[in-house]
Amino acid sequence: MTVTRRIATEEAFATPEQMDAIERAIAGGARDADSPFWSMMARGQTPFAQRVMRQLLDLEEERLAIMDAHGVDMHVLALTSPGVQTLPARDAVPLAARSNDLLAALVKRHPTRFAGLATIAPQAPDDAAREIERAVTTLGLKGVMINSHTNGDYLDEEKFLPIFEAAHALGVPIYIHPRAPSADMAGPFLKYGLETAIWGYGAETGLHGVRLLVSGLLDRFPRLKIILGHMGEGIPFWLWRLDYMHRHGHGRPRLERSITDYFRDNFAITTSGMHGPEALRFCIELLGSGNIMWAIDYPYQETPGALEFMETVEIAETDRANIYHRTAERIFGIGPA
Amino acid sequence: MTRRIATEEAFATPEQLAAYRLLGESGWTDPDVQFWRNVVAGHFDDIVARLLDLGEGRIADMDWHGIDMQLLLLTSPGVQLFAPARASEMARASNDLLAGAIARHPARFAGLATIAPHDPAGAVREMERAVRDLGLRGVVVNSHTGGRYLDEPAFWPILETAEAMDLPIYIHPRSPPQNAAAAYAALSLDGGIWGYAAETGLHAMRLVMSGVLARYPSLKIVLGHLGEGLPWWLYRLDYMAGLQSRRLSRETNRKPSDYIRQNIWITTSGMNDADALRFCLAKLGPERILWAVDYPYQEAAEAVAFLDGMDLPAAHKTAIFGANAERLFRIASLETTP
C-alpha cells in the first residue's frame, strides 16, 4: 500500500434526535420519496438496516476502529441525508444548530481524525445563513451540506440567496448531497425502488447541479464552490451535450461562460459509491484531479471497497495523492497532517 | 469505403404537424406540446421543411455529407399525444408514407415503424403489417405514453411481438410526463439539454429493473445519446442492485449490467464527444454502438467529422458507422445490394 494521507469526504452520521424526528414525520404521514427508505431503516429488519443505523449513530468507537483498521486518516462528516430538510422549519432550525454543536464537539475531541460540514435548514433561508456563519466562524466547520431539494424547491430559487451569500462571503463550499427525487417528479421512479441510490439519487442531484449551472448563480457568486458526490452525479458524462444544447437553446438565463467552464472552476466532485476506473479516468482527464476527492460514503458503503478501488486504480501517483487528500485540504481548508 | 448509416433520423408528416398545431392551440401545457407549439408557430421553419422532406432535399443533404443511408423515425413524440384509436390510425398513415419514400429510394432510406403503445392490440397489428407489408426494420417508441412505461403489463404484447419478430425497439427521448416535469421546466431543462435523457434513461432503467428483460431475453432495445446515461452508471447499478437484490432476484439473479449488455444497443445521436464515446467503447464494446446524426435537429457535418476524426481501429469505425446497423436492422450490406 502507498503511504499517503487518506481523507474521506462524504461520510455520514446521525443523531438520535434526528432519527426520532424523521420517524415521527413518517408516522405522521410524511409522503416524500425518502420516507420508504427511512421507514425500512427504522424497522431495522434487514442486516443492512441494522448495521447502517448502528454505524450512523456511533461517532467515535466503531467508526474510529474501522478507520484505524483500514488506514483512513480522516472523515469529513455531515449529518445524514435528508438532514433536517423534511421537518417543519420551527423544528429544523434548532435541530440543525444542536447537530452542528454536537459535530463541532466531536471534531474538537479528535481534530486530526474528523472535520465537519454544517447542516442547515434551507426552508428557513435567513436562519440557515446565520447558522452557516456561526458554524464556520464559531464552530470551525469547513463547509455546508445540503441534501438536494427542500420540499421540492431547488437552490437556484431566489429565496435561497442568503445561503449562497453567506457561503460565498465565508469562502466555504456547499456539498449538494443526494436524496430521493422531489414529490412531483418521483412518480415514475417509485415502482421498482428506483427512487433510491440505484438511480433516483443521481437523477435528482444531477438535475439540481444542472439547475445551479444554468441559473446564472455562478455569475453572481464567481468564487462559489459546489461539491457533488458520485463522480459528479452524471454531469461529467453530459458536459459536451450540456455545452452544445446550452449554446443552441433558449429560455434560460444568459451566462457569461460555458457550462464546462463553470463545472471546472466552481464545482468539485467526489468518488463516493463510484468505483469504476473508466469513470474516474474520464473525470481526471476532463476536470483534473485538483477537482476530485475520495469518499467512502460510510456507513452506507463499506470502507474496504472504497479503499481497494483507490489503492489499485491505474492513475498517476500525483492524481492519487490529489484525490486522497490534497484537493480536500485545499477545498475544505484542512490543515496538514 | 466505410458505409455511413445514420440511425436516429427524424421526419414528420403534414398530418402530424397539423395535429400538433391544434394541440398547441388547445392550451395543453404538456412540455412536448409546448415545444411543438413553438416549432409550428414559425420560429423553426428550416427544421420543419427538413422534417417534411423525404425526397430530393434530404438526399442532397446526405450526399453533401457522404451519408449513405438514413434510418428514419417519425419525429418525437410521434402519435403518442393522441387518443388510442386515432393514434393507431395516424401511425398507419405515417408508416405508409414512410414506406412510400423508402420504395422510391431503397438504397438511401430504411425505416422504423411508428406505433400507438396505448393501443397495444392495434400496435401489435401494425408491427406485423409494417414488417410484412412495408418492410420496416423495427419500432420506435418515444419514451412514456401518458406517463406510462413499457415495463407495465399492458404493453407486454408489444414487447412479446418485438421479440418474436426480432424487431428492435428504439426508445427515443421525449420530455418527462407533464406532472413530473416542473423541476426541469423551471429553467427550460425539460428538453434536449437534460430532461430528454432523464426521462429516457429512467425508462430504460425501468425495463432493466422490472424483470421484463428476463421475460423477453431476446428483446433488442436501442437507446440514443450514447445510452441516455446508463453506461456511465454501470458500476453503481450493479452495486446497488446487489444491495436490493430482492427486486431483481424474483426473476433472475443477473446484474443490471448483464441485461444492458445483453439487450441494449446505443447510438451516438447528439453526443459527438470523443471522451464519452471512448468511455462507452470500453464499457460496452464496439459491436453495441451505432452512429447517428439526429437529422435535422443536429448537424450532419458535425456528426460525420466527429467519428471520421476519432482515433479508432478501422474495424471499430466501420462497425459504428454502418456494419452494426446493417446487422441490427437487417439492412442488406452493399456487397449484396445490386
# chains A, B, ... in the order shown; residues from 1 in each chain; ligands from 1

call {"tool": "select_by_dssp", "arguments": {"residues": "range 92-281 of chain B", "states": "helix (DSSP H, G or I)", "output": "PyMOL selection string"}}
result
chain B and resi 92-104+120-132+153-164+178-180+182-185+195-210+212-215+225-228+231-243+245-249+256-263+274-281

call {"tool": "interface_residues", "arguments": {"of": "chain A", "to": "chain B", "cutoff": "8 Å", "atoms": "only C-alpha atoms", "output": "ChimeraX atom specification"}}
result
/A:152,184-189,192,194,197-199,203,207,211,214-215,234,237,240-242,245-246,250-252,273-276,278-279,282

call {"tool": "write_last_selection", "arguments": {"atoms": "N, CA and C atoms", "output": "mmCIF file, in the first residue's frame"}}
result
data_model
loop_
_atom_site.group_PDB
_atom_site.id
_atom_site.type_symbol
_atom_site.label_atom_id
_atom_site.label_comp_id
_atom_site.auth_asym_id
_atom_site.auth_seq_id
_atom_site.Cartn_x
_atom_site.Cartn_y
_atom_site.Cartn_z
ATOM 1 N N GLY A 152 -39.313 20.107 -2.463
ATOM 2 C CA GLY A 152 -39.477 20.280 -3.910
ATOM 3 C C GLY A 152 -38.880 21.563 -4.453
ATOM 4 N N ASP A 184 -43.031 15.808 -6.945
ATOM 5 C CA ASP A 184 -43.664 15.937 -8.257
ATOM 6 C C ASP A 184 -43.028 15.016 -9.292
ATOM 7 N N MET A 185 -41.719 14.872 -9.222
ATOM 8 C CA MET A 185 -41.070 14.081 -10.267
ATOM 9 C C MET A 185 -40.846 12.628 -9.875
ATOM 10 N N ALA A 186 -41.175 12.270 -8.642
ATOM 11 C CA ALA A 186 -40.792 10.941 -8.140
ATOM 12 C C ALA A 186 -41.650 9.812 -8.700
ATOM 13 N N GLY A 187 -42.871 10.113 -9.157
ATOM 14 C CA GLY A 187 -43.822 9.069 -9.536
ATOM 15 C C GLY A 187 -43.231 7.938 -10.369
ATOM 16 N N PRO A 188 -42.644 8.267 -11.528
ATOM 17 C CA PRO A 188 -42.149 7.182 -12.392
ATOM 18 C C PRO A 188 -40.972 6.396 -11.808
ATOM 19 N N PHE A 189 -40.361 6.895 -10.722
ATOM 20 C CA PHE A 189 -39.223 6.186 -10.123
ATOM 21 C C PHE A 189 -39.679 5.107 -9.144
ATOM 22 N N TYR A 192 -40.018 0.331 -8.924
ATOM 23 C CA TYR A 192 -39.030 -0.716 -8.629
ATOM 24 C C TYR A 192 -37.974 -0.213 -7.649
ATOM 25 N N LEU A 194 -36.638 2.626 -7.730
ATOM 26 C CA LEU A 194 -35.648 3.408 -8.478
ATOM 27 C C LEU A 194 -35.468 4.809 -7.914
ATOM 28 N N ALA A 197 -30.685 4.971 -4.274
ATOM 29 C CA ALA A 197 -29.315 5.177 -4.762
ATOM 30 C C ALA A 197 -29.068 4.554 -6.126
ATOM 31 N N ILE A 198 -29.864 3.578 -6.519
ATOM 32 C CA ILE A 198 -29.558 2.908 -7.785
ATOM 33 C C ILE A 198 -29.782 3.834 -8.975
ATOM 34 N N TRP A 199 -30.714 4.789 -8.857
ATOM 35 C CA TRP A 199 -30.954 5.682 -9.994
ATOM 36 C C TRP A 199 -31.478 7.062 -9.575
ATOM 37 N N ALA A 203 -30.361 11.017 -10.405
ATOM 38 C CA ALA A 203 -31.250 11.805 -11.267
ATOM 39 C C ALA A 203 -31.639 13.111 -10.584
ATOM 40 N N LEU A 207 -29.884 16.748 -11.635
ATOM 41 C CA LEU A 207 -30.768 17.848 -12.058
ATOM 42 C C LEU A 207 -30.498 19.097 -11.222
ATOM 43 N N ARG A 211 -29.346 22.641 -12.655
ATOM 44 C CA ARG A 211 -30.104 23.877 -12.393
ATOM 45 C C ARG A 211 -29.164 24.986 -11.901
ATOM 46 N N VAL A 214 -27.006 26.338 -14.905
ATOM 47 C CA VAL A 214 -27.639 27.170 -15.946
ATOM 48 C C VAL A 214 -28.359 28.386 -15.380
ATOM 49 N N SER A 215 -28.438 28.488 -14.045
ATOM 50 C CA SER A 215 -29.298 29.502 -13.442
ATOM 51 C C SER A 215 -28.696 30.905 -13.439
ATOM 52 N N GLY A 234 -23.418 12.227 -12.673
ATOM 53 C CA GLY A 234 -23.716 12.071 -14.104
ATOM 54 C C GLY A 234 -23.325 13.258 -14.961
ATOM 55 N N PHE A 237 -20.314 13.149 -17.703
ATOM 56 C CA PHE A 237 -20.592 12.407 -18.936
ATOM 57 C C PHE A 237 -21.335 13.285 -19.943
ATOM 58 N N TRP A 240 -20.310 17.704 -22.693
ATOM 59 C CA TRP A 240 -20.267 18.097 -24.106
ATOM 60 C C TRP A 240 -21.671 18.490 -24.591
ATOM 61 N N ARG A 241 -22.653 17.634 -24.265
ATOM 62 C CA ARG A 241 -24.022 17.902 -24.729
ATOM 63 C C ARG A 241 -24.633 19.104 -24.002
ATOM 64 N N LEU A 242 -24.316 19.257 -22.727
ATOM 65 C CA LEU A 242 -24.797 20.430 -21.985
ATOM 66 C C LEU A 242 -24.311 21.711 -22.656
ATOM 67 N N MET A 245 -26.103 22.042 -26.175
ATOM 68 C CA MET A 245 -27.518 22.394 -26.088
ATOM 69 C C MET A 245 -27.700 23.783 -25.464
ATOM 70 N N HIS A 246 -26.809 24.130 -24.574
ATOM 71 C CA HIS A 246 -26.935 25.459 -23.983
ATOM 72 C C HIS A 246 -26.659 26.548 -25.009
ATOM 73 N N HIS A 250 -32.703 28.104 -25.734
ATOM 74 C CA HIS A 250 -33.323 29.390 -25.426
ATOM 75 C C HIS A 250 -34.177 29.201 -24.175
ATOM 76 N N GLY A 251 -34.606 30.318 -23.609
ATOM 77 C CA GLY A 251 -35.482 30.235 -22.443
ATOM 78 C C GLY A 251 -34.730 30.123 -21.130
ATOM 79 N N ARG A 252 -33.391 30.124 -21.201
ATOM 80 C CA ARG A 252 -32.616 30.065 -19.962
ATOM 81 C C ARG A 252 -31.837 31.360 -19.786
ATOM 82 N N GLY A 273 -19.174 5.969 -3.826
ATOM 83 C CA GLY A 273 -20.034 4.971 -4.455
ATOM 84 C C GLY A 273 -19.793 4.746 -5.929
ATOM 85 N N MET A 274 -18.702 5.266 -6.471
ATOM 86 C CA MET A 274 -18.426 5.109 -7.908
ATOM 87 C C MET A 274 -17.017 4.565 -8.054
ATOM 88 N N HIS A 275 -16.895 3.273 -8.075
ATOM 89 C CA HIS A 275 -15.578 2.650 -8.083
ATOM 90 C C HIS A 275 -15.226 2.083 -9.449
ATOM 91 N N GLY A 276 -15.653 2.774 -10.500
ATOM 92 C CA GLY A 276 -15.297 2.344 -11.859
ATOM 93 C C GLY A 276 -14.067 3.099 -12.334
ATOM 94 N N GLU A 278 -12.820 3.479 -15.320
ATOM 95 C CA GLU A 278 -13.009 4.280 -16.540
ATOM 96 C C GLU A 278 -13.633 5.622 -16.200
ATOM 97 N N ALA A 279 -14.605 5.623 -15.286
ATOM 98 C CA ALA A 279 -15.282 6.876 -14.930
ATOM 99 C C ALA A 279 -14.309 7.820 -14.222
ATOM 100 N N PHE A 282 -11.908 9.207 -16.803
ATOM 101 C CA PHE A 282 -12.659 10.174 -17.614
ATOM 102 C C PHE A 282 -12.707 11.523 -16.901
#

call {"tool": "residues_around", "arguments": {"residues": "Asp156 in chain A", "least_positions_apart": "5", "cutoff": "12 Å", "atoms": "only C-alpha atoms", "output": "list of chain:residue names"}}
result
A:Pro122, A:Ser148, A:His149, A:Thr150, A:Leu161, A:Pro162, A:Ile163, A:Phe164, A:Leu207, A:His208, A:Gly209, A:Val210, A:Arg211, A:Leu212, A:Leu213, A:Val214, A:Ser215, A:Gly216, A:Leu217, A:Leu218, A:Arg220, A:Phe221, A:Pro253, B:Ala183, B:Ala186, B:Leu187

call {"tool": "write_last_selection", "arguments": {"atoms": "N, CA, C and O atoms", "output": "short mmCIF file (atom, residue, chain, number, x, y, z; two decimals), in the first residue's frame"}}
result
data_model
loop_
_atom_site.label_atom_id
_atom_site.label_comp_id
_atom_site.auth_asym_id
_atom_site.auth_seq_id
_atom_site.Cartn_x
_atom_site.Cartn_y
_atom_site.Cartn_z
N PRO A 122 -32.62 24.78 4.87
CA PRO A 122 -32.85 25.72 3.76
C PRO A 122 -34.27 26.27 3.74
O PRO A 122 -34.51 27.34 3.18
N SER A 148 -29.97 18.06 -1.52
CA SER A 148 -30.76 18.37 -2.72
C SER A 148 -32.01 19.17 -2.38
O SER A 148 -31.92 20.15 -1.63
N HIS A 149 -33.16 18.78 -2.93
CA HIS A 149 -34.34 19.65 -2.83
C HIS A 149 -34.83 19.78 -1.38
O HIS A 149 -34.58 18.90 -0.54
N THR A 150 -35.53 20.87 -1.13
CA THR A 150 -36.20 21.03 0.16
C THR A 150 -37.67 21.28 -0.14
O THR A 150 -38.02 22.30 -0.74
N LEU A 161 -31.05 32.78 -1.83
CA LEU A 161 -29.85 33.60 -2.00
C LEU A 161 -29.05 33.84 -0.72
O LEU A 161 -27.81 33.83 -0.75
N PRO A 162 -29.71 34.07 0.43
CA PRO A 162 -28.92 34.32 1.65
C PRO A 162 -27.93 33.19 1.97
O PRO A 162 -26.85 33.44 2.51
N ILE A 163 -28.30 31.96 1.61
CA ILE A 163 -27.42 30.82 1.87
C ILE A 163 -26.13 30.97 1.06
O ILE A 163 -25.02 30.78 1.58
N PHE A 164 -26.27 31.33 -0.21
CA PHE A 164 -25.08 31.47 -1.06
C PHE A 164 -24.27 32.70 -0.68
O PHE A 164 -23.04 32.69 -0.75
N LEU A 207 -29.88 16.75 -11.64
CA LEU A 207 -30.77 17.85 -12.06
C LEU A 207 -30.50 19.10 -11.22
O LEU A 207 -30.42 20.21 -11.75
N HIS A 208 -30.31 18.90 -9.93
CA HIS A 208 -30.05 20.05 -9.05
C HIS A 208 -28.75 20.75 -9.48
O HIS A 208 -28.71 21.98 -9.59
N GLY A 209 -27.72 19.95 -9.75
CA GLY A 209 -26.46 20.53 -10.19
C GLY A 209 -26.61 21.29 -11.50
O GLY A 209 -26.08 22.40 -11.66
N VAL A 210 -27.36 20.72 -12.44
CA VAL A 210 -27.55 21.39 -13.73
C VAL A 210 -28.36 22.68 -13.55
O VAL A 210 -28.08 23.70 -14.19
N ARG A 211 -29.35 22.64 -12.66
CA ARG A 211 -30.10 23.88 -12.39
C ARG A 211 -29.16 24.99 -11.90
O ARG A 211 -29.24 26.13 -12.35
N LEU A 212 -28.27 24.63 -10.98
CA LEU A 212 -27.33 25.65 -10.49
C LEU A 212 -26.43 26.14 -11.63
O LEU A 212 -26.15 27.33 -11.74
N LEU A 213 -26.00 25.22 -12.49
CA LEU A 213 -25.08 25.59 -13.58
C LEU A 213 -25.73 26.56 -14.57
O LEU A 213 -25.07 27.47 -15.06
N VAL A 214 -27.01 26.34 -14.90
CA VAL A 214 -27.64 27.17 -15.95
C VAL A 214 -28.36 28.39 -15.38
O VAL A 214 -28.83 29.23 -16.13
N SER A 215 -28.44 28.49 -14.05
CA SER A 215 -29.30 29.50 -13.44
C SER A 215 -28.70 30.90 -13.44
O SER A 215 -29.39 31.88 -13.20
N GLY A 216 -27.39 31.01 -13.65
CA GLY A 216 -26.71 32.30 -13.53
C GLY A 216 -26.14 32.53 -12.13
O GLY A 216 -25.44 33.53 -11.89
N LEU A 217 -26.41 31.61 -11.22
CA LEU A 217 -25.91 31.74 -9.84
C LEU A 217 -24.40 31.94 -9.78
O LEU A 217 -23.89 32.70 -8.96
N LEU A 218 -23.67 31.25 -10.69
CA LEU A 218 -22.21 31.28 -10.62
C LEU A 218 -21.63 32.55 -11.22
O LEU A 218 -20.46 32.85 -10.99
N ARG A 220 -23.19 35.36 -10.36
CA ARG A 220 -23.39 36.20 -9.18
C ARG A 220 -22.36 35.91 -8.10
O ARG A 220 -21.99 36.80 -7.33
N PHE A 221 -21.99 34.64 -7.99
CA PHE A 221 -21.06 34.22 -6.93
C PHE A 221 -19.87 33.50 -7.56
O PHE A 221 -19.75 32.27 -7.49
N PRO A 253 -31.41 31.67 -18.56
CA PRO A 253 -30.65 32.91 -18.33
C PRO A 253 -29.39 32.94 -19.19
O PRO A 253 -28.78 31.91 -19.45
N ALA B 183 -39.84 20.45 -12.22
CA ALA B 183 -38.49 20.74 -11.72
C ALA B 183 -37.51 20.94 -12.87
O ALA B 183 -36.48 21.59 -12.70
N ALA B 186 -38.65 24.57 -14.97
CA ALA B 186 -38.40 25.85 -14.30
C ALA B 186 -37.26 26.62 -14.98
O ALA B 186 -37.29 27.84 -15.03
N LEU B 187 -36.28 25.89 -15.49
CA LEU B 187 -35.15 26.56 -16.16
C LEU B 187 -35.00 26.05 -17.60
O LEU B 187 -33.89 26.00 -18.12
#

call {"tool": "residues_around", "arguments": {"residues": "range 74-81 of chain A", "least_positions_apart": "5", "cutoff": "7 Å", "atoms": "only C-alpha atoms", "output": "PyMOL selection string"}}
result
chain A and resi 6-14+112-119+145+147+179

call {"tool": "residues_around", "arguments": {"residues": "range 34-41 of chain B", "least_positions_apart": "4", "cutoff": "8 Å", "atoms": "only C-alpha atoms", "output": "PDB file with C-alpha atoms, in the first residue's frame"}}
result
ATOM      1  CA  LEU B  17     -47.705  18.681 -37.673  1.00  0.00           C
ATOM      2  CA  TYR B  20     -49.593  19.163 -33.198  1.00  0.00           C
ATOM      3  CA  ARG B  21     -50.614  22.682 -34.163  1.00  0.00           C
ATOM      4  CA  LEU B  23     -52.788  20.590 -29.643  1.00  0.00           C
ATOM      5  CA  GLY B  24     -50.641  23.698 -29.218  1.00  0.00           C
ATOM      6  CA  GLU B  25     -53.684  25.896 -29.654  1.00  0.00           C
ATOM      7  CA  TRP B  28     -52.410  21.842 -23.120  1.00  0.00           C
ATOM      8  CA  THR B  29     -49.234  22.594 -21.137  1.00  0.00           C
ATOM      9  CA  ASP B  30     -47.508  19.252 -21.682  1.00  0.00           C
ATOM     10  CA  ASP B  45     -39.223  26.903 -40.394  1.00  0.00           C
ATOM     11  CA  VAL B  48     -39.949  21.949 -40.310  1.00  0.00           C
TER      12      VAL B  48
END

call {"tool": "atom_distance", "arguments": {"atom1": "CA of Thr205 in chain A", "atom2": "CA of Ile296 in chain A"}}
result
17.9 Å

call {"tool": "atom_distance", "arguments": {"atom1": "CA of Ala337 in chain A", "atom2": "CA of Leu64 in chain A"}}
result
16.7 Å

call {"tool": "atom_distance", "arguments": {"atom1": "CA of Ala123 in chain B", "atom2": "CA of Pro173 in chain B"}}
result
19.1 Å

call {"tool": "residues_around", "arguments": {"residues": "His316 in chain B", "least_positions_apart": "4", "cutoff": "12 Å", "atoms": "only C-alpha atoms", "output": "list in words"}}
result
Thr2, Leu277, Arg278, Leu281, Ala282, Gly285, Pro286, Glu287, Arg288, Ile289, Leu290, Trp291, Leu307, Asp308, Met310, Asp311, Leu312, Ile320, Phe321, Gly322, Ala323 and Asn324 of chain B

call {"tool": "select_by_dssp", "arguments": {"residues": "range 63-286 of chain A", "states": "strand (DSSP E or B)", "output": "list of chain:residue names"}}
result
A:Met74, A:His75, A:Val76, A:Leu77, A:Ala78, A:Leu79, A:Phe114, A:Ala115, A:Gly116, A:Ala118, A:Thr119, A:Val144, A:Met145, A:Ile146, A:Thr150, A:Asp153, A:Ile174, A:Tyr175, A:Ile176, A:Ile226, A:Ile227, A:Leu228, A:Phe267, A:Ala268, A:Ile269, A:Thr270

call {"tool": "residues_around", "arguments": {"residues": "Pro299 in chain A", "least_positions_apart": "2", "cutoff": "7 Å", "atoms": "only C-alpha atoms", "output": "list of chain:residue names"}}
result
A:Ala12, A:Val52, A:Gln55, A:Leu56, A:Asp297, A:Gln301, A:Glu302

call {"tool": "closest_residue", "arguments": {"among": "B:Arg132, B:Arg104, B:Arg137, B:His172", "to": "Ser76 in chain B", "atoms": "only C-alpha atoms"}}
result
B:His172
